[in-house]
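Asker: Below is model_16.pdb; it holds PDB, C-alpha atoms.
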MODEL        1
ATOM      1  CA  PHE A   1      79.426  87.649  83.313
ATOM      2  CA  VAL A   2      82.283  90.012  82.399
ATOM      3  CA  ALA A   3      82.083  91.689  85.812
ATOM      4  CA  THR A   4      82.421  88.275  87.475
ATOM      5  CA  ILE A   5      85.536  87.429  85.480
ATOM      6  CA  VAL A   6      87.078  90.833  86.215
ATOM      7  CA  GLY A   7      86.265  90.339  89.906
ATOM      8  CA  ILE A   8      87.971  86.926  89.907
ATOM      9  CA  ILE A   9      91.061  88.387  88.244
ATOM     10  CA  ILE A  10      91.253  91.293  90.702
ATOM     11  CA  PHE A  11      90.671  88.913  93.632
ATOM     12  CA  GLY A  12      93.469  86.631  92.397
ATOM     13  CA  ALA A  13      95.885  89.534  92.087
ATOM     14  CA  GLY A  14      94.950  90.679  95.597
ATOM     15  CA  VAL A  15      95.452  87.220  97.104
ATOM     16  CA  PHE A  16      98.838  86.824  95.452
ATOM     17  CA  SER A  17      99.839  90.330  96.544
ATOM     18  CA  ALA A  18      98.914  89.512 100.147
ATOM     19  CA  LEU A  19     100.870  86.242  99.987
ATOM     20  CA  ALA A  20     103.936  88.130  98.807
ATOM     21  CA  SER A  21     103.589  90.746 101.535
ATOM     22  CA  ILE A  22     103.506  88.158 104.302
ATOM     23  CA  SER A  23     106.499  86.267 102.895
ATOM     24  CA  ILE A  24     108.893  89.229 102.789
ATOM     25  CA  GLY A  25     110.443  88.392 106.159
ATOM     26  CA  LYS A  26     111.489  84.920 105.037
ATOM     27  CA  LEU A  27     112.681  86.082 101.634
ATOM     28  CA  SER A  28     114.730  88.953 103.072
ATOM     29  CA  ARG A  29     116.841  86.434 104.993
ATOM     30  CA  PHE A  30     118.177  85.163 101.661
ATOM     31  CA  MET A  31     118.245  88.336  99.576
ATOM     32  CA  PRO A  32     118.790  91.995 100.506
ATOM     33  CA  MET A  33     115.682  94.178 100.365
ATOM     34  CA  PRO A  34     117.006  96.517  97.653
ATOM     35  CA  ARG A  35     117.565  93.494  95.384
ATOM     36  CA  ILE A  36     114.063  92.156  96.143
ATOM     37  CA  LEU A  37     112.659  95.583  95.249
ATOM     38  CA  CYS A  38     114.635  95.622  91.986
ATOM     39  CA  VAL A  39     113.524  92.099  91.001
ATOM     40  CA  SER A  40     109.927  92.853  91.992
ATOM     41  CA  THR A  41     109.617  95.999  89.905
ATOM     42  CA  CYS A  42     111.215  94.253  86.939
ATOM     43  CA  GLY A  43     108.913  91.244  87.465
ATOM     44  CA  VAL A  44     105.814  93.439  87.421
ATOM     45  CA  GLY A  45     106.992  94.981  84.152
ATOM     46  CA  GLY A  46     107.542  91.550  82.642
ATOM     47  CA  PHE A  47     104.128  90.302  83.685
ATOM     48  CA  PHE A  48     102.450  93.384  82.213
ATOM     49  CA  ILE A  49     104.007  92.462  78.866
ATOM     50  CA  LEU A  50     102.758  88.894  79.326
ATOM     51  CA  GLN A  51      99.270  90.235  80.050
ATOM     52  CA  TYR A  52      99.333  91.962  76.677
ATOM     53  CA  LEU A  53     100.441  88.762  74.945
ATOM     54  CA  MET A  54      97.814  86.463  76.475
ATOM     55  CA  PRO A  55      95.375  85.006  73.949
ATOM     56  CA  ASP A  56      92.486  84.581  76.393
ATOM     57  CA  VAL A  57      91.046  86.101  79.551
ATOM     58  CA  TRP A  58      92.225  83.247  81.795
ATOM     59  CA  GLY A  59      95.835  83.673  80.678
ATOM     60  CA  LEU A  60      95.433  87.371  81.349
ATOM     61  CA  GLY A  61      94.127  86.530  84.818
ATOM     62  CA  VAL A  62      97.077  84.277  85.638
ATOM     63  CA  SER A  63      99.553  86.908  84.405
ATOM     64  CA  ARG A  64      97.722  89.577  86.419
ATOM     65  CA  ALA A  65      97.840  87.421  89.553
ATOM     66  CA  LEU A  66     101.576  86.889  89.122
ATOM     67  CA  ALA A  67     102.084  90.619  88.584
ATOM     68  CA  GLY A  68     100.087  91.112  91.793
ATOM     69  CA  PHE A  69     102.483  88.758  93.572
ATOM     70  CA  PHE A  70     105.461  90.895  92.618
ATOM     71  CA  MET A  71     103.529  94.087  93.423
ATOM     72  CA  GLY A  72     102.952  92.725  96.915
ATOM     73  CA  PHE A  73     106.654  93.114  97.653
ATOM     74  CA  ILE A  74     107.011  96.697  96.467
ATOM     75  CA  THR A  75     105.175  98.840  99.031
ATOM     76  CA  PRO A  76     106.269  97.020 102.229
ATOM     77  CA  ILE A  77     109.894  96.898 101.133
ATOM     78  CA  ALA A  78     109.895 100.513  99.952
ATOM     79  CA  ASN A  79     108.386 101.576 103.282
ATOM     80  CA  THR A  80     110.981  99.566 105.198
ATOM     81  CA  LEU A  81     113.841 101.060 103.200
ATOM     82  CA  ILE A  82     112.434 104.572 103.681
ATOM     83  CA  SER A  83     112.044 103.950 107.397
ATOM     84  CA  LYS A  84     115.657 102.825 107.687
ATOM     85  CA  SER A  85     117.012 105.813 105.769
ATOM     86  CA  VAL A  86     115.003 108.657 107.342
ATOM     87  CA  PRO A  87     115.668 110.023 110.842
ATOM     88  CA  VAL A  88     112.903 109.229 113.321
ATOM     89  CA  GLU A  89     111.888 112.884 113.739
ATOM     90  CA  ARG A  90     111.302 113.229 109.939
ATOM     91  CA  ARG A  91     109.434 109.964 109.289
ATOM     92  CA  GLY A  92     105.974 111.488 109.734
ATOM     93  CA  ILE A  93     106.640 114.096 107.073
ATOM     94  CA  VAL A  94     108.250 111.612 104.687
ATOM     95  CA  PHE A  95     105.534 108.978 105.048
ATOM     96  CA  GLY A  96     102.879 111.668 104.663
ATOM     97  CA  ALA A  97     104.486 112.718 101.374
ATOM     98  CA  VAL A  98     104.868 109.097 100.231
ATOM     99  CA  SER A  99     101.226 108.401 101.057
ATOM    100  CA  SER A 100     100.101 111.517  99.175
ATOM    101  CA  VAL A 101     102.085 110.544  96.091
ATOM    102  CA  ALA A 102     100.660 107.000  96.234
ATOM    103  CA  MET A 103      97.116 108.382  96.427
ATOM    104  CA  MET A 104      97.781 110.690  93.497
ATOM    105  CA  GLY A 105      99.035 107.656  91.571
ATOM    106  CA  ASN A 106      95.838 105.772  92.399
ATOM    107  CA  VAL A 107      93.851 108.628  90.853
ATOM    108  CA  LEU A 108      96.119 109.587  87.967
ATOM    109  CA  GLY A 109      96.936 106.007  86.915
ATOM    110  CA  PRO A 110      93.479 105.152  85.586
ATOM    111  CA  VAL A 111      93.047 108.620  84.052
ATOM    112  CA  ILE A 112      96.367 108.449  82.207
ATOM    113  CA  SER A 113      95.680 104.832  81.197
ATOM    114  CA  GLY A 114      92.373 105.934  79.709
ATOM    115  CA  VAL A 115      94.074 108.695  77.736
ATOM    116  CA  ILE A 116      96.737 106.265  76.487
ATOM    117  CA  ALA A 117      94.124 103.651  75.548
ATOM    118  CA  ARG A 118      92.050 106.175  73.638
ATOM    119  CA  ALA A 119      95.024 107.620  71.793
ATOM    120  CA  PHE A 120      97.031 104.463  71.091
ATOM    121  CA  GLY A 121      94.807 101.453  71.879
ATOM    122  CA  TYR A 122      94.519  99.178  74.881
ATOM    123  CA  GLY A 123      97.783  97.391  74.169
ATOM    124  CA  ALA A 124      99.702 100.607  74.756
ATOM    125  CA  VAL A 125      98.466 100.651  78.354
ATOM    126  CA  PHE A 126     100.212  97.333  79.067
ATOM    127  CA  TRP A 127     103.413  98.416  77.307
ATOM    128  CA  SER A 128     103.552 101.837  78.959
ATOM    129  CA  THR A 129     102.924 100.350  82.406
ATOM    130  CA  ALA A 130     105.648  97.762  81.796
ATOM    131  CA  ALA A 131     108.022 100.521  80.699
ATOM    132  CA  ILE A 132     107.345 102.509  83.875
ATOM    133  CA  PHE A 133     108.117  99.471  86.036
ATOM    134  CA  PHE A 134     111.290  98.712  84.044
ATOM    135  CA  VAL A 135     112.468 102.317  84.498
ATOM    136  CA  ALA A 136     111.675 102.080  88.225
ATOM    137  CA  SER A 137     113.634  98.825  88.413
ATOM    138  CA  TRP A 138     116.594 100.486  86.724
ATOM    139  CA  PHE A 139     116.471 103.382  89.220
ATOM    140  CA  VAL A 140     116.301 100.971  92.155
ATOM    141  CA  TYR A 141     119.210  98.973  90.760
ATOM    142  CA  ARG A 142     121.285 102.061  90.047
ATOM    143  CA  ASN A 143     120.591 103.886  93.321
ATOM    144  CA  LEU A 144     120.127 101.112  95.868
ATOM    145  CA  VAL A 145     121.541  97.827  94.647
ATOM    146  CA  MET A 146     124.732  99.148  93.007
ATOM    147  CA  SER A 147     125.440 101.610  95.832
ATOM    148  CA  ARG A 148     124.980  98.871  98.422
ATOM    149  CA  GLU A 149     127.239  96.476  96.535
ATOM    150  CA  SER A 150     129.938  99.113  96.005
ATOM    151  CA  SER A 151     129.876 100.146  99.685
ATOM    152  CA  SER A 152     130.202  96.526 100.869
ATOM    153  CA  SER A 153     133.274  95.861  98.671
TER     154      SER A 153
ENDMDL
END
Go ahead and express the file in the form of structure tokens.
Answerer:
Amino acid sequence: FVATIVGIIIFGAGVFSALASISIGKLSRFMPMPRILCVSTCGVGGFFILQYLMPDVWGLGVSRALAGFFMGFITPIANTLISKSVPVERRGIVFGAVSSVAMMGNVLGPVISGVIARAFGYGAVFWSTAAIFFVASWFVYRNLVMSRESSSS
């Protein structure tokens, strides 16, 4: 039964992530990509805090699906921004490095989460993940959004 509920939650997050990914083109007509990236990373952080605060598994599932929605914007927009800022002859190297770092994150994320959960409890995993996304949002804002706004003034 627990595996079924976890599967439903993961499926919901995946569906919402896919919906976000296919809607980027329309959204980017109204908002610059760096700002979407900033809002998305901040949104993921916020929904990780909400996941911690949920009193039941279904609330957790809804919060996880909404976090998945915001996560669905991050990789395609980051890849687009990287593609626009890297010369064509260097893109293979850069995307190879980006892919390697993403794969390392897919491996290290669960390991580090397990260490955090064991040392500080499961709640700390939600808070630490939220903090990482908030820090990422701050970096995006500081380095992409502010620089873009100051160069257009």
Asker: Starting from the displayed file, determine the output of the PyMOL selection byres ((chain A and resi 37-41) around 12) and express the residue list as number ranges by chain.
Answerer: A: 17, 20-21, 24, 27-28, 31-36, 42-48, 66-81, 129-146
Asker: Could you check the closest approach to Ile49 of chain A for each of A:Gly14, A:Ser63, A:Val101, A:Phe1 and tell me which residue wins, using only C-alpha atoms?
Answerer: A:Ser63
Asker: Between A:Phe30, A:Gly121, A:Asp56, A:Arg64, which has the minimum distance to Gly12 of chain A (counting only C-alpha atoms)?
Answerer: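 The closest residue to Gly12 of chain A is A:Arg64.
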Asker: Expressed in Å to a single decimal, how great is the separation between atom CA of Leu50 of chain A and atom CA of Val62 of chain A?
Answerer: 9.7 Å
Asker: Find the distance between atom CA of Val107 of chain A and atom CA of Val94 of chain A and write it in Å to one decimal.
Answerer: 20.2 Å
Asker: Which one of A:Gly92, A:Pro55, A:Pro110, A:Gly61 sits closest to Ile5 of chain A if you count only C-alpha atoms?
Answerer: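 Closest residue, counting only C-alpha atoms: A:Gly61.
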Asker: Report, in Å to a single decimal, how far apart atom CA of Ile8 of chain A and atom CA of Val57 of chain A are.
Answerer: 10.8 Å
Asker: Hey, what's within 12 Å of Gly114 of chain A if we count all atoms listed in the file and toss same-chain stuff fewer than 4 positions away? As number ranges by chain, please?
Answerer: A: 107-110, 118-126, 128
